[in-house]
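All remarks here apply to the structure that follows.
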Amino acid sequence: MKSTLPPPVTGERNGRRSDVPFFDQSETFRRLWSEIEGNCVRVMDDGKFSHGSMVAGFERALERYTGARHVVGVNSGTDALVLLLRAAGLRPGDEVIVPAYTFVATATAVVHAGGVPVFADIEEGGYGIDPDSVAAAVTGRTRMVMPVHLFDRLADMEGVGRVARAHGLTVVEDSAEAIGMRANGVHAGLLGVGGVLSFFPAKTLGAVGDAGALLTDDDAIADTARMLRHHGRSGRTLAAFPGISNPTVVIGGNSKMDDLQAAVLLAKLTRLDADIEHRAALSRRYDDRLRDLPGVRAVPGDTAARPGEDRVVYVHLIEVDDRDGLVAHLTAAGIGTEVYYPRPLHLQPCFAHLGHRSGDLPRAEAVCRSAVALPLYADLTEDRVDRVCDEIERFLTGGSR
């Protein structure tokens with residue numbers, strides 16, 4: 001079987017030109033197409049398109065990359081969080097402390113796992129959960145704390161760990177964005193009892209749809225997660241057709257990874273370190289161009305890394321006084337952006353019953369008013385970064401150069 005990819009996209013998005021899309025990986029697929037196609041052919045020949053041998057191969061490759069004793073491939077990073085919480089022992093009604101500034105799946109996963117999210121503020125001058133706010137949120141019902149490794153760096157795991165030990169809490173990590181991030185050589189997701197990875201297409205390692213994984217060094221958590229992902233069935237189910245007849249030990253669900261996603265991820269994993277280096281170079285370019293502009297209050301890449309920390313830039317975020325005005329300006333100029341995040345979790349409508357009000361967690365609320373993410377991905381070039389920076393400078397200086 002021999003096929004070719006279509007010619008490069010011309011920048012058309014929903015009927016209009018997008019000079020610098022927020023995300024694009026078409027060049028990555030052209031570069032890796034031969035390997036991706038070969039992996040997909042093997043899936044077709046194998047005839048098991050979900051939870052098969054390609055998923056098993058990807059799990060082993062990811063174990064080697066992260067150093068995890070166990071990788072459990074699933075259908076999304078969100079399901080990975082739900083399975084992790086359940087496998088780590090969350091009971092109905094248990095409280096899990098999570099940051100108010102993160103994607104909503106961090107908190108909704110707690111609900112889907114039977115728990116109650118309790119929100120903490122973020123640290124001063126950063127985006128990770130604040131250990132002091134965690135300590136203040138602990139009650140007699142608190143069982144776990146779930147820090148999130150956000151954008152380009154790890155949460156303060158040393159500080160979170162101190163609070164967890166003082167109160168007897170289990171630490172689980174929402175490390176969905178954190179592939180390649182390490183602390184003193186230990187990969188994100190392995191600093192507590194377990195963590196997760198998301199392979200949503202725009203992630204540092206992205207699929208062509210939804211996929212995720214659970215990481216842990218704990219044998220019991222891994223064994224339980226493997227049952228939960230495939231309807232609670234015990235014994236071998238991965239790459240095994242007879243698995244449907246295995247006894248159902250726990251109430252699980254259908255959270256299996258598709259083999260075609262694993263086929264793409266295996267091919268892209270070979271380029272991951274190079275992509276991480278390229279992302280870092282682009283982020284430094286943004287830093288150099290934007291550092292001294294008026295109205296840009298924070299550039300994450302400028303903050304010092306913690307000792308022993310390997311950072312990976314998944315999102316390049318800036319904070320701007322007139323964030324919404326800048327977004328409108330960039331959109332009109334054909335430049336894509338994303339607002340991470342327009343509303344903190346404690347003020348989301350779905351959590352209104354928890355009784356929070358504006359002002360409860362002020363640092364998270366302030367960032368939600370000012371933060372915007374700029375284009376950053378493996379196929380982005382420095383000249384396009386310069387184009388984004390030129391437009392930001394034009395907006396912030398009123399058109400003067």
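By convention here, the chains of the structure tokens are called A, B, ... in the order presented, each chain's residues are numbered starting at 1, and ligands are numbered starting at 1 in the order presented.
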
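Residues within 7 Å of Gly295 in chain A, counting only C-alpha atoms and excluding same-chain residues fewer than 4 positions away, are Val320, Asp321 and Leu396 of chain A.
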
Atoms kept (C-alpha atoms) for selection, written as a PDB file, in the first residue's frame:
ATOM      1  CA  VAL A 320      -1.474  41.619  29.217  1.00  0.00           C
ATOM      2  CA  ASP A 321      -3.440  44.500  30.744  1.00  0.00           C
ATOM      3  CA  LEU A 396       0.787  47.808  22.752  1.00  0.00           C
TER       4      LEU A 396
END

(request) Write down as a PyMOL selection string the residues belonging to range 68-310 of chain A that are assigned alpha helix (DSSP H) by DSSP computed on the backbone. (result) chain A and resi 77-87+105-112+131-137+157-167+219-229+259-269+272-290

(message) Please list as a ChimeraX atom specification every residue within 12 Å of Gly168 in chain A, counting only C-alpha atoms and excluding residues in the same chain fewer than 6 positions away.
(response) /A:135,138-145,160-162

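In this model, the gap between CA of Val312 in chain A and CA of Arg284 in chain A comes to 12.0 Å.
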
Proximity check range 24-134 of chain A to range 216-228 of chain A, 10 Å, nearest pairs one decimal Å, only C-alpha atoms, as JSON lines:
{"residue": "A:Glu63", "atom": "CA", "partner": "A:Thr216", "partner_atom": "CA", "distance": 9.7}
{"residue": "A:Gly67", "atom": "CA", "partner": "A:Asp217", "partner_atom": "CA", "distance": 9.0}
{"residue": "A:Ala68", "atom": "CA", "partner": "A:Asp217", "partner_atom": "CA", "distance": 5.9}
{"residue": "A:Arg69", "atom": "CA", "partner": "A:Asp217", "partner_atom": "CA", "distance": 4.7}
{"residue": "A:His70", "atom": "CA", "partner": "A:Thr216", "partner_atom": "CA", "distance": 5.4}
{"residue": "A:Val71", "atom": "CA", "partner": "A:Thr216", "partner_atom": "CA", "distance": 6.8}
{"residue": "A:Val72", "atom": "CA", "partner": "A:Arg226", "partner_atom": "CA", "distance": 6.5}
{"residue": "A:Gly73", "atom": "CA", "partner": "A:Arg226", "partner_atom": "CA", "distance": 8.6}
{"residue": "A:Val74", "atom": "CA", "partner": "A:Arg226", "partner_atom": "CA", "distance": 9.0}
{"residue": "A:Ala80", "atom": "CA", "partner": "A:Ala225", "partner_atom": "CA", "distance": 8.6}
{"residue": "A:Val82", "atom": "CA", "partner": "A:Ala225", "partner_atom": "CA", "distance": 9.5}
{"residue": "A:Leu83", "atom": "CA", "partner": "A:Ala225", "partner_atom": "CA", "distance": 5.7}
{"residue": "A:Leu84", "atom": "CA", "partner": "A:Ala225", "partner_atom": "CA", "distance": 6.7}
{"residue": "A:Leu85", "atom": "CA", "partner": "A:Ile221", "partner_atom": "CA", "distance": 9.4}
{"residue": "A:Arg86", "atom": "CA", "partner": "A:Ala225", "partner_atom": "CA", "distance": 8.0}
{"residue": "A:Ala87", "atom": "CA", "partner": "A:Ile221", "partner_atom": "CA", "distance": 5.1}
{"residue": "A:Ala88", "atom": "CA", "partner": "A:Ile221", "partner_atom": "CA", "distance": 5.9}
{"residue": "A:Gly89", "atom": "CA", "partner": "A:Ile221", "partner_atom": "CA", "distance": 8.7}

Which residues of range 148-231 of chain A come within 9 Å of range 268-271 of chain A, and what is each one's closest atom pair and distance in Å (one decimal), counting only C-alpha atoms, sorted by chain and residue number, as CSV?
residue,atom,partner,partner_atom,distance
A:Leu205,CA,A:Lys268,CA,7.0
A:Gly206,CA,A:Lys268,CA,8.0
A:Ala207,CA,A:Lys268,CA,8.6

(request) For range 374-381 of chain A, list every protein, DNA or RNA residue within 9 Å, evaluated using only C-alpha atoms, and leave out those in the same chain fewer than 3 positions away; present the list as number ranges by chain. (result) A: 20-28, 202-204, 274-276, 278-279, 282-283, 313-318, 335-338, 384-386, 388

(request) Choose the residue, out of A:Leu238, A:Ile179, A:Met146, A:Val43, that has the smallest atom-to-atom separation from Val193 in chain A; count only C-alpha atoms. (result) A:Met146

(request) Identify, on the basis of only C-alpha atoms, every residue whose closest approach to Val249 in chain A does not exceed 8 Å; exclude the query and any residue fewer than 3 positions from it along the same chain; express the result as a list in words. (result) Met227, Gly232, Arg233 and Ser234 of chain A

(request) Choose the residue, out of A:Ser53, A:Asn246, A:Asn254, A:Thr78, that has the smallest atom-to-atom separation from Ala213 in chain A; count only C-alpha atoms. (result) A:Thr78

(message) Set the distance at 10 Å and use only C-alpha atoms: which residues neighbour Gly52 in chain A once local chain neighbours fewer than 6 positions away are removed? I'd like the list as an MDAnalysis selection string.
(response) chainID A and resid 43 46 237:241 256:260 262

(request) List the neighbours of Ser76 in chain A out to 8 Å using only C-alpha atoms; skip same-chain residues closer than 3 positions along the sequence, and give me the result as a PyMOL selection string. (result) chain A and resi 79-80+198-200+210-213+255+257

Take the residues just selected and output them with N, CA, C and O atoms as a PDB file, in the first residue's frame.
ATOM      1  N   ASP A  79     -10.143  10.670  31.103  1.00  0.00           N
ATOM      2  CA  ASP A  79     -10.420   9.345  31.656  1.00  0.00           C
ATOM      3  C   ASP A  79      -9.238   8.830  32.469  1.00  0.00           C
ATOM      4  O   ASP A  79      -9.416   8.121  33.466  1.00  0.00           O
ATOM      5  N   ALA A  80      -8.015   9.171  32.047  1.00  0.00           N
ATOM      6  CA  ALA A  80      -6.839   8.772  32.820  1.00  0.00           C
ATOM      7  C   ALA A  80      -6.917   9.342  34.234  1.00  0.00           C
ATOM      8  O   ALA A  80      -6.583   8.655  35.220  1.00  0.00           O
ATOM      9  N   SER A 198      -1.961  13.532  28.627  1.00  0.00           N
ATOM     10  CA  SER A 198      -2.957  13.710  27.571  1.00  0.00           C
ATOM     11  C   SER A 198      -2.243  13.780  26.234  1.00  0.00           C
ATOM     12  O   SER A 198      -1.181  14.401  26.115  1.00  0.00           O
ATOM     13  N   PHE A 199      -2.838  13.151  25.229  1.00  0.00           N
ATOM     14  CA  PHE A 199      -2.315  13.209  23.871  1.00  0.00           C
ATOM     15  C   PHE A 199      -3.294  13.906  22.939  1.00  0.00           C
ATOM     16  O   PHE A 199      -3.353  13.619  21.745  1.00  0.00           O
ATOM     17  N   PHE A 200      -4.082  14.814  23.499  1.00  0.00           N
ATOM     18  CA  PHE A 200      -4.918  15.694  22.676  1.00  0.00           C
ATOM     19  C   PHE A 200      -4.032  16.296  21.580  1.00  0.00           C
ATOM     20  O   PHE A 200      -2.853  16.584  21.821  1.00  0.00           O
ATOM     21  N   ASP A 210      -8.450  11.908  20.439  1.00  0.00           N
ATOM     22  CA  ASP A 210      -8.240  11.834  21.880  1.00  0.00           C
ATOM     23  C   ASP A 210      -7.519  10.548  22.262  1.00  0.00           C
ATOM     24  O   ASP A 210      -7.803   9.475  21.735  1.00  0.00           O
ATOM     25  N   ALA A 211      -6.603  10.679  23.200  1.00  0.00           N
ATOM     26  CA  ALA A 211      -5.888   9.539  23.782  1.00  0.00           C
ATOM     27  C   ALA A 211      -5.192  10.033  25.033  1.00  0.00           C
ATOM     28  O   ALA A 211      -4.948  11.229  25.197  1.00  0.00           O
ATOM     29  N   GLY A 212      -4.881   9.110  25.935  1.00  0.00           N
ATOM     30  CA  GLY A 212      -4.212   9.483  27.175  1.00  0.00           C
ATOM     31  C   GLY A 212      -3.534   8.287  27.796  1.00  0.00           C
ATOM     32  O   GLY A 212      -3.579   7.174  27.262  1.00  0.00           O
ATOM     33  N   ALA A 213      -2.889   8.524  28.923  1.00  0.00           N
ATOM     34  CA  ALA A 213      -2.205   7.440  29.620  1.00  0.00           C
ATOM     35  C   ALA A 213      -2.117   7.764  31.099  1.00  0.00           C
ATOM     36  O   ALA A 213      -2.090   8.925  31.508  1.00  0.00           O
ATOM     37  N   SER A 255     -12.626   2.675  28.449  1.00  0.00           N
ATOM     38  CA  SER A 255     -11.621   3.736  28.373  1.00  0.00           C
ATOM     39  C   SER A 255     -10.392   3.280  27.600  1.00  0.00           C
ATOM     40  O   SER A 255      -9.286   3.767  27.834  1.00  0.00           O
ATOM     41  N   MET A 257      -7.585   2.655  24.658  1.00  0.00           N
ATOM     42  CA  MET A 257      -6.949   3.460  23.617  1.00  0.00           C
ATOM     43  C   MET A 257      -7.104   2.780  22.266  1.00  0.00           C
ATOM     44  O   MET A 257      -6.972   1.559  22.157  1.00  0.00           O
TER      45      MET A 257
END

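Of the listed residues A:Ser358, A:Ala373, A:Arg306, A:Tyr286, the one whose atoms come nearest to Asp324 in chain A is A:Ala373, with distances taken using only C-alpha atoms.
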